[in-house]
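J.: work21.pdb is reproduced in full below (PDB, C-alpha atoms).
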MODEL        1
ATOM      1  CA  MET A   1      91.902 103.706 151.865  1.00  0.00           C
ATOM      2  CA  THR A   2      94.502 103.641 149.138  1.00  0.00           C
ATOM      3  CA  LYS A   3      92.990 104.142 145.726  1.00  0.00           C
ATOM      4  CA  ALA A   4      93.881 101.450 143.218  1.00  0.00           C
ATOM      5  CA  PRO A   5      96.031 102.773 140.360  1.00  0.00           C
ATOM      6  CA  GLN A   6      94.467 103.140 136.952  1.00  0.00           C
ATOM      7  CA  THR A   7      95.974 100.597 134.602  1.00  0.00           C
ATOM      8  CA  GLY A   8      94.059 101.121 131.358  1.00  0.00           C
ATOM      9  CA  ALA A   9      90.755  99.965 129.991  1.00  0.00           C
ATOM     10  CA  PRO A  10      90.173  96.210 129.864  1.00  0.00           C
ATOM     11  CA  VAL A  11      90.478  94.530 126.470  1.00  0.00           C
ATOM     12  CA  PRO A  12      88.258  91.470 126.966  1.00  0.00           C
ATOM     13  CA  GLY A  13      88.895  88.493 124.748  1.00  0.00           C
ATOM     14  CA  TRP A  14      92.043  90.019 123.268  1.00  0.00           C
ATOM     15  CA  SER A  15      94.257  87.701 121.263  1.00  0.00           C
ATOM     16  CA  PRO A  16      97.068  88.711 118.909  1.00  0.00           C
ATOM     17  CA  PRO A  17      96.126  88.888 115.217  1.00  0.00           C
ATOM     18  CA  PRO A  18      98.069  86.994 112.548  1.00  0.00           C
ATOM     19  CA  ARG A  19     101.068  88.477 110.801  1.00  0.00           C
ATOM     20  CA  PRO A  20     100.340  89.560 107.243  1.00  0.00           C
ATOM     21  CA  ALA A  21     101.197  86.679 104.911  1.00  0.00           C
ATOM     22  CA  GLY A  22     101.160  88.450 101.558  1.00  0.00           C
ATOM     23  CA  ASP A  23      97.696  87.409 100.480  1.00  0.00           C
ATOM     24  CA  THR A  24      96.615  89.183  97.300  1.00  0.00           C
ATOM     25  CA  LEU A  25      94.320  92.130  98.039  1.00  0.00           C
ATOM     26  CA  THR A  26      91.954  92.997  95.205  1.00  0.00           C
ATOM     27  CA  GLY A  27      89.719  95.996  94.721  1.00  0.00           C
ATOM     28  CA  ALA A  28      87.808  97.499  91.822  1.00  0.00           C
ATOM     29  CA  ARG A  29      90.806  99.533  90.622  1.00  0.00           C
ATOM     30  CA  VAL A  30      93.947  97.866  91.974  1.00  0.00           C
ATOM     31  CA  ARG A  31      95.379  94.529  92.974  1.00  0.00           C
ATOM     32  CA  LEU A  32      98.085  94.296  95.628  1.00  0.00           C
ATOM     33  CA  GLU A  33     100.474  91.420  94.983  1.00  0.00           C
ATOM     34  CA  ALA A  34     103.323  90.231  97.203  1.00  0.00           C
ATOM     35  CA  LEU A  35     106.391  91.990  95.793  1.00  0.00           C
ATOM     36  CA  ASN A  36     108.584  89.752  93.679  1.00  0.00           C
ATOM     37  CA  ALA A  37     111.711  90.771  91.781  1.00  0.00           C
ATOM     38  CA  ASN A  38     111.107  88.514  88.798  1.00  0.00           C
ATOM     39  CA  LYS A  39     107.481  89.509  88.485  1.00  0.00           C
ATOM     40  CA  HIS A  40     107.561  93.214  89.261  1.00  0.00           C
ATOM     41  CA  ALA A  41     111.039  94.774  89.119  1.00  0.00           C
ATOM     42  CA  ALA A  42     111.144  95.598  85.399  1.00  0.00           C
ATOM     43  CA  GLU A  43     107.694  97.193  85.303  1.00  0.00           C
ATOM     44  CA  LEU A  44     108.217  99.164  88.491  1.00  0.00           C
ATOM     45  CA  PHE A  45     111.608 100.427  87.385  1.00  0.00           C
ATOM     46  CA  ASP A  46     110.205 101.573  84.050  1.00  0.00           C
ATOM     47  CA  GLU A  47     107.372 103.415  85.794  1.00  0.00           C
ATOM     48  CA  MET A  48     109.725 105.200  88.201  1.00  0.00           C
ATOM     49  CA  ASP A  49     112.834 105.680  86.070  1.00  0.00           C
ATOM     50  CA  GLY A  50     113.701 109.347  85.601  1.00  0.00           C
ATOM     51  CA  HIS A  51     111.561 110.459  88.541  1.00  0.00           C
ATOM     52  CA  ASP A  52     114.332 110.679  91.111  1.00  0.00           C
ATOM     53  CA  ARG A  53     112.321 112.919  93.449  1.00  0.00           C
ATOM     54  CA  LEU A  54     110.249 109.842  94.350  1.00  0.00           C
ATOM     55  CA  TRP A  55     113.175 108.722  96.507  1.00  0.00           C
ATOM     56  CA  ASP A  56     113.835 112.000  98.344  1.00  0.00           C
ATOM     57  CA  TYR A  57     112.431 110.773 101.649  1.00  0.00           C
ATOM     58  CA  MET A  58     113.289 107.085 101.232  1.00  0.00           C
ATOM     59  CA  PRO A  59     116.332 105.516 102.924  1.00  0.00           C
ATOM     60  CA  TYR A  60     117.270 103.989  99.540  1.00  0.00           C
ATOM     61  CA  GLY A  61     117.144 104.865  95.846  1.00  0.00           C
ATOM     62  CA  PRO A  62     117.189 106.064  93.189  1.00  0.00           C
ATOM     63  CA  PHE A  63     118.527 102.968  91.487  1.00  0.00           C
ATOM     64  CA  PRO A  64     120.971 103.070  88.547  1.00  0.00           C
ATOM     65  CA  GLY A  65     119.251 100.307  86.587  1.00  0.00           C
ATOM     66  CA  LYS A  66     116.792  97.434  86.566  1.00  0.00           C
ATOM     67  CA  GLN A  67     119.298  94.933  87.888  1.00  0.00           C
ATOM     68  CA  ALA A  68     120.102  97.059  90.926  1.00  0.00           C
ATOM     69  CA  TYR A  69     116.413  97.576  91.636  1.00  0.00           C
ATOM     70  CA  ALA A  70     115.676  93.856  91.250  1.00  0.00           C
ATOM     71  CA  GLN A  71     118.515  93.049  93.653  1.00  0.00           C
ATOM     72  CA  TRP A  72     117.103  95.500  96.200  1.00  0.00           C
ATOM     73  CA  ILE A  73     113.673  93.872  95.921  1.00  0.00           C
ATOM     74  CA  SER A  74     115.131  90.369  96.354  1.00  0.00           C
ATOM     75  CA  GLU A  75     117.068  91.386  99.453  1.00  0.00           C
ATOM     76  CA  THR A  76     114.194  93.387 100.899  1.00  0.00           C
ATOM     77  CA  VAL A  77     111.451  90.779 100.587  1.00  0.00           C
ATOM     78  CA  ALA A  78     113.722  88.222 102.263  1.00  0.00           C
ATOM     79  CA  ASP A  79     113.533  90.259 105.472  1.00  0.00           C
ATOM     80  CA  GLU A  80     110.494  89.083 107.450  1.00  0.00           C
ATOM     81  CA  ALA A  81     110.418  92.301 109.490  1.00  0.00           C
ATOM     82  CA  HIS A  82     108.162  93.764 106.826  1.00  0.00           C
ATOM     83  CA  LEU A  83     105.928  92.665 103.966  1.00  0.00           C
ATOM     84  CA  PHE A  84     106.023  94.499 100.641  1.00  0.00           C
ATOM     85  CA  TYR A  85     103.319  94.725  98.013  1.00  0.00           C
ATOM     86  CA  ALA A  86     103.410  95.761  94.380  1.00  0.00           C
ATOM     87  CA  VAL A  87     100.393  97.873  93.447  1.00  0.00           C
ATOM     88  CA  ARG A  88      98.992  96.792  90.101  1.00  0.00           C
ATOM     89  CA  ASN A  89      96.697  99.269  88.379  1.00  0.00           C
ATOM     90  CA  LEU A  90      93.875  97.199  86.891  1.00  0.00           C
ATOM     91  CA  ALA A  91      93.141  99.882  84.282  1.00  0.00           C
ATOM     92  CA  THR A  92      96.625  99.585  82.764  1.00  0.00           C
ATOM     93  CA  GLY A  93      97.540  96.091  83.914  1.00  0.00           C
ATOM     94  CA  ARG A  94     100.915  97.370  85.116  1.00  0.00           C
ATOM     95  CA  ALA A  95     102.639  97.401  88.482  1.00  0.00           C
ATOM     96  CA  GLU A  96     102.879 101.109  89.245  1.00  0.00           C
ATOM     97  CA  GLY A  97     103.740 101.377  92.927  1.00  0.00           C
ATOM     98  CA  VAL A  98     105.002  99.781  96.117  1.00  0.00           C
ATOM     99  CA  ALA A  99     103.806  99.817  99.727  1.00  0.00           C
ATOM    100  CA  SER A 100     104.507  97.675 102.768  1.00  0.00           C
ATOM    101  CA  TYR A 101     103.490  96.644 106.238  1.00  0.00           C
ATOM    102  CA  LEU A 102     106.279  97.204 108.765  1.00  0.00           C
ATOM    103  CA  ARG A 103     106.739  97.470 112.523  1.00  0.00           C
ATOM    104  CA  ILE A 104     104.443  94.460 112.612  1.00  0.00           C
ATOM    105  CA  ASN A 105     103.668  93.776 116.274  1.00  0.00           C
ATOM    106  CA  PRO A 106     100.815  91.275 116.680  1.00  0.00           C
ATOM    107  CA  GLY A 107     101.340  91.151 120.448  1.00  0.00           C
ATOM    108  CA  ALA A 108     100.411  94.807 120.690  1.00  0.00           C
ATOM    109  CA  GLY A 109      97.937  94.659 117.832  1.00  0.00           C
ATOM    110  CA  SER A 110      99.911  97.328 116.000  1.00  0.00           C
ATOM    111  CA  VAL A 111     101.110  97.580 112.400  1.00  0.00           C
ATOM    112  CA  GLU A 112     102.489 100.397 110.251  1.00  0.00           C
ATOM    113  CA  VAL A 113     102.025 101.132 106.570  1.00  0.00           C
ATOM    114  CA  GLY A 114     105.053 102.612 104.863  1.00  0.00           C
ATOM    115  CA  HIS A 115     107.686 102.468 102.126  1.00  0.00           C
ATOM    116  CA  ILE A 116     104.966 103.942  99.921  1.00  0.00           C
ATOM    117  CA  CYS A 117     106.415 104.796  96.521  1.00  0.00           C
ATOM    118  CA  LEU A 118     103.877 105.430  93.771  1.00  0.00           C
ATOM    119  CA  SER A 119     104.757 106.215  90.174  1.00  0.00           C
ATOM    120  CA  PRO A 120     103.561 109.504  88.691  1.00  0.00           C
ATOM    121  CA  ALA A 121     100.939 107.534  86.752  1.00  0.00           C
ATOM    122  CA  LEU A 122      99.427 106.235  89.997  1.00  0.00           C
ATOM    123  CA  GLN A 123      99.774 109.263  92.237  1.00  0.00           C
ATOM    124  CA  ARG A 124      96.653 111.250  93.136  1.00  0.00           C
ATOM    125  CA  THR A 125      94.296 108.713  91.578  1.00  0.00           C
ATOM    126  CA  PRO A 126      91.334 106.764  93.003  1.00  0.00           C
ATOM    127  CA  ALA A 127      93.396 103.622  92.393  1.00  0.00           C
ATOM    128  CA  ALA A 128      96.123 104.854  94.742  1.00  0.00           C
ATOM    129  CA  THR A 129      93.564 105.650  97.426  1.00  0.00           C
ATOM    130  CA  GLU A 130      91.962 102.244  97.019  1.00  0.00           C
ATOM    131  CA  ALA A 131      95.351 100.599  97.556  1.00  0.00           C
ATOM    132  CA  MET A 132      95.688 102.375 100.903  1.00  0.00           C
ATOM    133  CA  PHE A 133      92.134 101.421 101.808  1.00  0.00           C
ATOM    134  CA  LEU A 134      92.784  97.750 101.040  1.00  0.00           C
ATOM    135  CA  MET A 135      95.825  97.678 103.302  1.00  0.00           C
ATOM    136  CA  MET A 136      94.000  99.397 106.138  1.00  0.00           C
ATOM    137  CA  GLN A 137      91.002  97.124 105.687  1.00  0.00           C
ATOM    138  CA  TRP A 138      93.103  93.972 105.886  1.00  0.00           C
ATOM    139  CA  ALA A 139      94.806  95.132 109.087  1.00  0.00           C
ATOM    140  CA  PHE A 140      91.671  96.019 111.005  1.00  0.00           C
ATOM    141  CA  GLU A 141      89.664  93.034 109.787  1.00  0.00           C
ATOM    142  CA  ALA A 142      92.548  90.742 110.759  1.00  0.00           C
ATOM    143  CA  GLY A 143      92.237  92.083 114.326  1.00  0.00           C
ATOM    144  CA  TYR A 144      94.855  94.825 114.604  1.00  0.00           C
ATOM    145  CA  ARG A 145      93.998  97.585 117.071  1.00  0.00           C
ATOM    146  CA  ARG A 146      96.312 100.302 115.766  1.00  0.00           C
ATOM    147  CA  TYR A 147      97.327 101.279 112.224  1.00  0.00           C
ATOM    148  CA  GLU A 148     100.293 103.639 111.986  1.00  0.00           C
ATOM    149  CA  TRP A 149     101.719 106.022 109.405  1.00  0.00           C
ATOM    150  CA  LYS A 150     105.048 107.783 109.965  1.00  0.00           C
ATOM    151  CA  CYS A 151     106.986 110.069 107.674  1.00  0.00           C
ATOM    152  CA  ASN A 152     109.728 112.665 107.557  1.00  0.00           C
ATOM    153  CA  ALA A 153     108.256 115.749 109.195  1.00  0.00           C
ATOM    154  CA  LEU A 154     109.406 117.803 106.193  1.00  0.00           C
ATOM    155  CA  ASN A 155     107.381 115.610 103.836  1.00  0.00           C
ATOM    156  CA  ILE A 156     104.226 117.702 103.761  1.00  0.00           C
ATOM    157  CA  PRO A 157     102.564 115.686 100.941  1.00  0.00           C
ATOM    158  CA  SER A 158     102.892 112.525 103.049  1.00  0.00           C
ATOM    159  CA  ARG A 159     101.528 114.275 106.141  1.00  0.00           C
ATOM    160  CA  ARG A 160      98.618 115.589 104.118  1.00  0.00           C
ATOM    161  CA  ALA A 161      97.962 112.119 102.677  1.00  0.00           C
ATOM    162  CA  ALA A 162      97.895 110.521 106.139  1.00  0.00           C
ATOM    163  CA  GLN A 163      95.300 112.986 107.383  1.00  0.00           C
ATOM    164  CA  ARG A 164      93.240 112.696 104.186  1.00  0.00           C
ATOM    165  CA  LEU A 165      93.121 108.926 104.757  1.00  0.00           C
ATOM    166  CA  GLY A 166      91.710 109.476 108.245  1.00  0.00           C
ATOM    167  CA  LEU A 167      94.801 108.913 110.378  1.00  0.00           C
ATOM    168  CA  SER A 168      95.018 111.298 113.313  1.00  0.00           C
ATOM    169  CA  TYR A 169      98.108 113.388 114.025  1.00  0.00           C
ATOM    170  CA  GLU A 170     100.037 112.233 117.104  1.00  0.00           C
ATOM    171  CA  GLY A 171     103.066 114.512 117.131  1.00  0.00           C
ATOM    172  CA  VAL A 172     106.688 114.746 115.974  1.00  0.00           C
ATOM    173  CA  PHE A 173     109.654 112.776 117.305  1.00  0.00           C
ATOM    174  CA  ARG A 174     112.618 115.148 117.017  1.00  0.00           C
ATOM    175  CA  GLN A 175     115.935 113.814 115.685  1.00  0.00           C
ATOM    176  CA  ALA A 176     114.401 110.380 115.325  1.00  0.00           C
ATOM    177  CA  ALA A 177     116.838 109.126 112.699  1.00  0.00           C
ATOM    178  CA  VAL A 178     119.659 109.915 110.303  1.00  0.00           C
ATOM    179  CA  ILE A 179     118.685 109.125 106.696  1.00  0.00           C
ATOM    180  CA  LYS A 180     121.132 109.593 103.837  1.00  0.00           C
ATOM    181  CA  GLU A 181     123.371 111.581 106.193  1.00  0.00           C
ATOM    182  CA  ARG A 182     120.572 114.022 107.022  1.00  0.00           C
ATOM    183  CA  ASN A 183     118.536 114.507 110.166  1.00  0.00           C
ATOM    184  CA  ARG A 184     114.993 113.189 110.189  1.00  0.00           C
ATOM    185  CA  ASP A 185     112.285 114.412 112.523  1.00  0.00           C
ATOM    186  CA  THR A 186     109.415 111.929 112.269  1.00  0.00           C
ATOM    187  CA  ALA A 187     105.716 112.868 112.193  1.00  0.00           C
ATOM    188  CA  TRP A 188     103.371 110.214 113.611  1.00  0.00           C
ATOM    189  CA  PHE A 189      99.790 109.437 112.590  1.00  0.00           C
ATOM    190  CA  ALA A 190      97.483 106.540 113.462  1.00  0.00           C
ATOM    191  CA  ALA A 191      93.961 105.181 113.322  1.00  0.00           C
ATOM    192  CA  ILE A 192      92.573 102.715 115.859  1.00  0.00           C
ATOM    193  CA  ASP A 193      90.058  99.919 115.582  1.00  0.00           C
ATOM    194  CA  SER A 194      87.166 101.856 117.156  1.00  0.00           C
ATOM    195  CA  GLU A 195      87.493 104.384 114.311  1.00  0.00           C
ATOM    196  CA  TRP A 196      87.574 101.789 111.568  1.00  0.00           C
ATOM    197  CA  PRO A 197      83.795 101.380 111.013  1.00  0.00           C
ATOM    198  CA  ARG A 198      83.430 105.097 110.269  1.00  0.00           C
ATOM    199  CA  LEU A 199      86.572 105.131 108.150  1.00  0.00           C
ATOM    200  CA  ARG A 200      85.320 102.153 106.159  1.00  0.00           C
ATOM    201  CA  GLU A 201      82.080 104.012 105.478  1.00  0.00           C
ATOM    202  CA  ALA A 202      84.056 107.112 104.455  1.00  0.00           C
ATOM    203  CA  PHE A 203      86.204 105.173 101.975  1.00  0.00           C
ATOM    204  CA  SER A 204      83.204 103.329 100.582  1.00  0.00           C
ATOM    205  CA  ALA A 205      81.347 106.599 100.001  1.00  0.00           C
ATOM    206  CA  TRP A 206      84.335 108.258  98.362  1.00  0.00           C
ATOM    207  CA  LEU A 207      85.226 105.285  96.141  1.00  0.00           C
ATOM    208  CA  ASP A 208      81.627 104.816  94.988  1.00  0.00           C
ATOM    209  CA  PRO A 209      81.300 105.581  91.255  1.00  0.00           C
ATOM    210  CA  SER A 210      78.552 108.090  92.046  1.00  0.00           C
ATOM    211  CA  ASN A 211      81.190 110.301  93.704  1.00  0.00           C
ATOM    212  CA  PHE A 212      82.895 110.879  90.348  1.00  0.00           C
ATOM    213  CA  ASP A 213      81.626 112.765  87.320  1.00  0.00           C
ATOM    214  CA  ALA A 214      81.882 111.653  83.699  1.00  0.00           C
ATOM    215  CA  ARG A 215      85.474 112.910  83.545  1.00  0.00           C
ATOM    216  CA  GLY A 216      86.451 110.984  86.671  1.00  0.00           C
ATOM    217  CA  VAL A 217      86.666 114.101  88.835  1.00  0.00           C
ATOM    218  CA  GLN A 218      85.616 113.623  92.455  1.00  0.00           C
ATOM    219  CA  ARG A 219      82.437 115.334  93.567  1.00  0.00           C
ATOM    220  CA  LYS A 220      83.400 115.323  97.254  1.00  0.00           C
ATOM    221  CA  ALA A 221      86.931 115.059  98.627  1.00  0.00           C
ATOM    222  CA  LEU A 222      87.931 112.087 100.770  1.00  0.00           C
ATOM    223  CA  GLY A 223      89.097 114.462 103.483  1.00  0.00           C
ATOM    224  CA  ALA A 224      85.547 115.735 103.846  1.00  0.00           C
ATOM    225  CA  PHE A 225      84.419 112.188 104.616  1.00  0.00           C
ATOM    226  CA  THR A 226      87.273 111.340 107.008  1.00  0.00           C
ATOM    227  CA  ALA A 227      87.619 114.680 108.866  1.00  0.00           C
ATOM    228  CA  PRO A 228      84.856 113.886 111.418  1.00  0.00           C
ATOM    229  CA  VAL A 229      86.798 110.772 112.479  1.00  0.00           C
ATOM    230  CA  LEU A 230      90.040 112.595 113.265  1.00  0.00           C
ATOM    231  CA  VAL A 231      90.974 112.926 116.927  1.00  0.00           C
ATOM    232  CA  ALA A 232      93.654 115.510 116.151  1.00  0.00           C
ATOM    233  CA  ALA A 233      94.534 117.420 112.985  1.00  0.00           C
ATOM    234  CA  ASP A 234      98.047 118.099 111.777  1.00  0.00           C
ATOM    235  CA  PRO A 235      99.031 121.684 112.706  1.00  0.00           C
ATOM    236  CA  ALA A 236     101.283 121.882 109.642  1.00  0.00           C
ATOM    237  CA  PHE A 237      98.273 122.822 107.513  1.00  0.00           C
ATOM    238  CA  SER A 238      94.580 123.498 107.832  1.00  0.00           C
ATOM    239  CA  LEU A 239      91.912 120.943 106.910  1.00  0.00           C
TER
ENDMDL
END
Let me see the structure of the file written as structure tokens.
T.:
Amino acid sequence: MTKAPQTGAPVPGWSPPPRPAGDTLTGARVRLEALNANKHAAELFDEMDGHDRLWDYMPYGPFPGKQAYAQWISETVADEAHLFYAVRNLATGRAEGVASYLRINPGAGSVEVGHICLSPALQRTPAATEAMFLMMQWAFEAGYRRYEWKCNALNIPSRRAAQRLGLSYEGVFRQAAVIKERNRDTAWFAAIDSEWPRLREAFSAWLDPSNFDARGVQRKALGAFTAPVLVAADPAFSL
């Protein structure tokens, strides 16, 4: 008797989730607002001006002035292939970073987070982590099955951030692109919906005020909470 081929596990009741519509996402430390040139360009430019290394791994930037940056925002948000957010730090009231959903594929239940550009004031803060949590939370609670993170394989801080956030390493695509006339090998990371409940618990535990001392220093690192969820660790560095 011929054995029937394996075709993958059934996904009963599957239906594609909605595309992200730019709904405001609000946490205790940040608010994510649909990116708008008139509303956000001036603040974001001021926060990032003079920090040209922020754009090293981006396919655009740095920008020569506020008008050029505002024009880029206007053109970018008009493209429905992705959805950009401005990250507003509730402690300062200012827009201090940008992130987006891209490679949005409801039919596959897959979405990527990317174009992450955080000002020095926002980097390495609980507010920045909460912004990433809010985007991941929206995706999985909307019904997405797979949440992706990709970056230049040479961008070790981005690779470390992906793993810290609980996204498992999936390998490197060699010569995946040419960016600013340079080769890009792309490192892939992802989390899937079955991992989300444990990741949500990890983020909640890390973001809880009890995890920070009077100076705001974390008592336990997020990576310690998310490491048990990882299917594979990035070989570029140890946990």
J.: Taking all atoms listed in the file into account, which of A:Pro228, A:Gly50, A:Gly22, A:Pro106 comes nearest Tyr144 of chain A?
T.: A:Pro106
J.: Using only C-alpha atoms, find all polymer residues with an atom at most 12 Å away from the point (116.3, 94.2, 95.4); report them as a PyMOL selection string.
T.: chain A and resi 35-38+40-42+44-45+60-61+63+65-79+84
J.: Show which residues sit within 12 Å of Met58 of chain A, as a list of chain:residue names. Count only C-alpha atoms, and ignore same-chain residues fewer than 4 positions away.
T.: A:Asp52, A:Arg53, A:Leu54, A:Pro62, A:Phe63, A:Gly114, A:His115, A:Ile116, A:Cys117, A:Cys151, A:Asn152, A:Asn155, A:Ser158, A:Val178, A:Ile179, A:Lys180, A:Arg182, A:Arg184
J.: Using the chain letters and numbers from this file, what does the PyMOL selection byres ((chain A and resi 189) around 12) select? Give the answer as a ChimeraX atom specification.
T.: /A:111-114,146-153,158-173,186-188,190-192,230-234
J.: Let me make sure I understand: among A:Ser110, A:Ser119, A:Ser15, A:Thr24, which one has the smallest atom-to-atom distance to Asp49 of chain A if we use all atoms listed in the file?
T.: A:Ser119
J.: In Å, rounded to a single decimal, give me how far atom CA of Phe225 of chain A is from atom CA of Glu195 of chain A.
T.: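 We find that atom CA of Glu195 of chain A and atom CA of Phe225 of chain A lie 12.8 Å from each other.
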J.: Take the PyMOL selection byres ((chain A and resi 143) around 8), apply it to the structure above, and return the hits as a list in words.
T.: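 Evaluating the PyMOL selection byres ((chain A and resi 143) around 8) on this file yields Pro16, Pro17, Pro18, Gly109, Ala139, Phe140, Glu141, Ala142, Tyr144 and Arg145 of chain A.
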J.: For the residues in the current selection, export C-alpha atoms as a compact mmCIF listing (two decimals), in the coordinates of the input.
T.:
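To be explicit, this is the file written out as result_5.txt:
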# COMPACT_ATOMS: atom_id res chain seq x y z
CA PRO A 16 97.07 88.71 118.91
CA PRO A 17 96.13 88.89 115.22
CA PRO A 18 98.07 86.99 112.55
CA GLY A 109 97.94 94.66 117.83
CA ALA A 139 94.81 95.13 109.09
CA PHE A 140 91.67 96.02 111.00
CA GLU A 141 89.66 93.03 109.79
CA ALA A 142 92.55 90.74 110.76
CA TYR A 144 94.86 94.82 114.60
CA ARG A 145 94.00 97.58 117.07
J.: Choose the residue, out of A:Leu207, A:Ala9, A:Ala81, A:Ala236, that has the smallest atom-to-atom separation from Ala221 of chain A; count all atoms listed in the file.
T.: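 Among the listed residues, A:Leu207 lies closest to Ala221 of chain A.
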J.: Distance atom CA of Leu32 of chain A-atom CA of Thr226 of chain A, one decimal place?
T.: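 These atoms are spaced 23.2 Å apart.
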J.: In Å to one decimal, how far is atom CA of Thr26 of chain A from atom CA of Gly97 of chain A?
T.: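 Calculated distance between atom CA of Gly97 of chain A and atom CA of Thr26 of chain A is 14.6 Å.
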J.: Which residues are near Ala127 of chain A? Cut-off 10 Å, all atoms listed in the file, ignore same chain within fewer than 3 positions. Put them as a ChimeraX atom specification.
T.: /A:27-31,87-91,122-124,130-133,207
J.: Take the residues just selected and output them with C-alpha atoms as a compact mmCIF listing (two decimals), keeping the file's coordinate frame.
T.:
# COMPACT_ATOMS: atom_id res chain seq x y z
CA GLY A 27 89.72 96.00 94.72
CA ALA A 28 87.81 97.50 91.82
CA ARG A 29 90.81 99.53 90.62
CA VAL A 30 93.95 97.87 91.97
CA ARG A 31 95.38 94.53 92.97
CA VAL A 87 100.39 97.87 93.45
CA ARG A 88 98.99 96.79 90.10
CA ASN A 89 96.70 99.27 88.38
CA LEU A 90 93.88 97.20 86.89
CA ALA A 91 93.14 99.88 84.28
CA LEU A 122 99.43 106.24 90.00
CA GLN A 123 99.77 109.26 92.24
CA ARG A 124 96.65 111.25 93.14
CA GLU A 130 91.96 102.24 97.02
CA ALA A 131 95.35 100.60 97.56
CA MET A 132 95.69 102.38 100.90
CA PHE A 133 92.13 101.42 101.81
CA LEU A 207 85.23 105.28 96.14
J.: To box segment 126-131 of chain A, take all atoms listed in the file, fit an axis-aligned box, add 6 Å on each side, and give centre and edge lengths in Å to one decimal, as lines of an AutoDock Vina configuration file.
T.:
center_x = 93.7
center_y = 103.7
center_z = 95.0
size_x = 16.8
size_y = 18.2
size_z = 17.2
J.: For Pro20 of chain A, which of A:Phe237, A:Trp138, A:Trp206, A:Phe212 is the closest residue, counting all atoms listed in the file?
T.: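 Nearest to Pro20 of chain A: A:Trp138.
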J.: Taking the file as shown, what set of residues would the PyMOL selection byres ((chain A and resi 220) around 12) give back, as a compact mmCIF listing (two decimals) with C-alpha atoms, in the frame of the given file?
T.:
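Generated output (result09.txt):
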# COMPACT_ATOMS: atom_id res chain seq x y z
CA ALA A 202 84.06 107.11 104.46
CA PHE A 203 86.20 105.17 101.98
CA ALA A 205 81.35 106.60 100.00
CA TRP A 206 84.34 108.26 98.36
CA LEU A 207 85.23 105.28 96.14
CA ASP A 208 81.63 104.82 94.99
CA PRO A 209 81.30 105.58 91.26
CA SER A 210 78.55 108.09 92.05
CA ASN A 211 81.19 110.30 93.70
CA PHE A 212 82.90 110.88 90.35
CA ASP A 213 81.63 112.76 87.32
CA GLY A 216 86.45 110.98 86.67
CA VAL A 217 86.67 114.10 88.84
CA GLN A 218 85.62 113.62 92.46
CA ARG A 219 82.44 115.33 93.57
CA ALA A 221 86.93 115.06 98.63
CA LEU A 222 87.93 112.09 100.77
CA GLY A 223 89.10 114.46 103.48
CA ALA A 224 85.55 115.74 103.85
CA PHE A 225 84.42 112.19 104.62
CA THR A 226 87.27 111.34 107.01
J.: Which of these residues is nearest to Ala108 of chain A, using all atoms listed in the file: A:Arg215, A:Arg174, A:Glu201, A:Arg19?
T.: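 Using all atoms listed in the file, Ala108 of chain A sits closest to A:Arg19.
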J.: From the set A:Met136, A:Leu154, A:Val229, A:Ala34, which residue has the shortest atom-to-atom contact distance to Ala95 of chain A, counting only C-alpha atoms?
T.: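 Ranking A:Met136, A:Leu154, A:Val229, A:Ala34 by distance to Ala95 of chain A, first place goes to A:Ala34.
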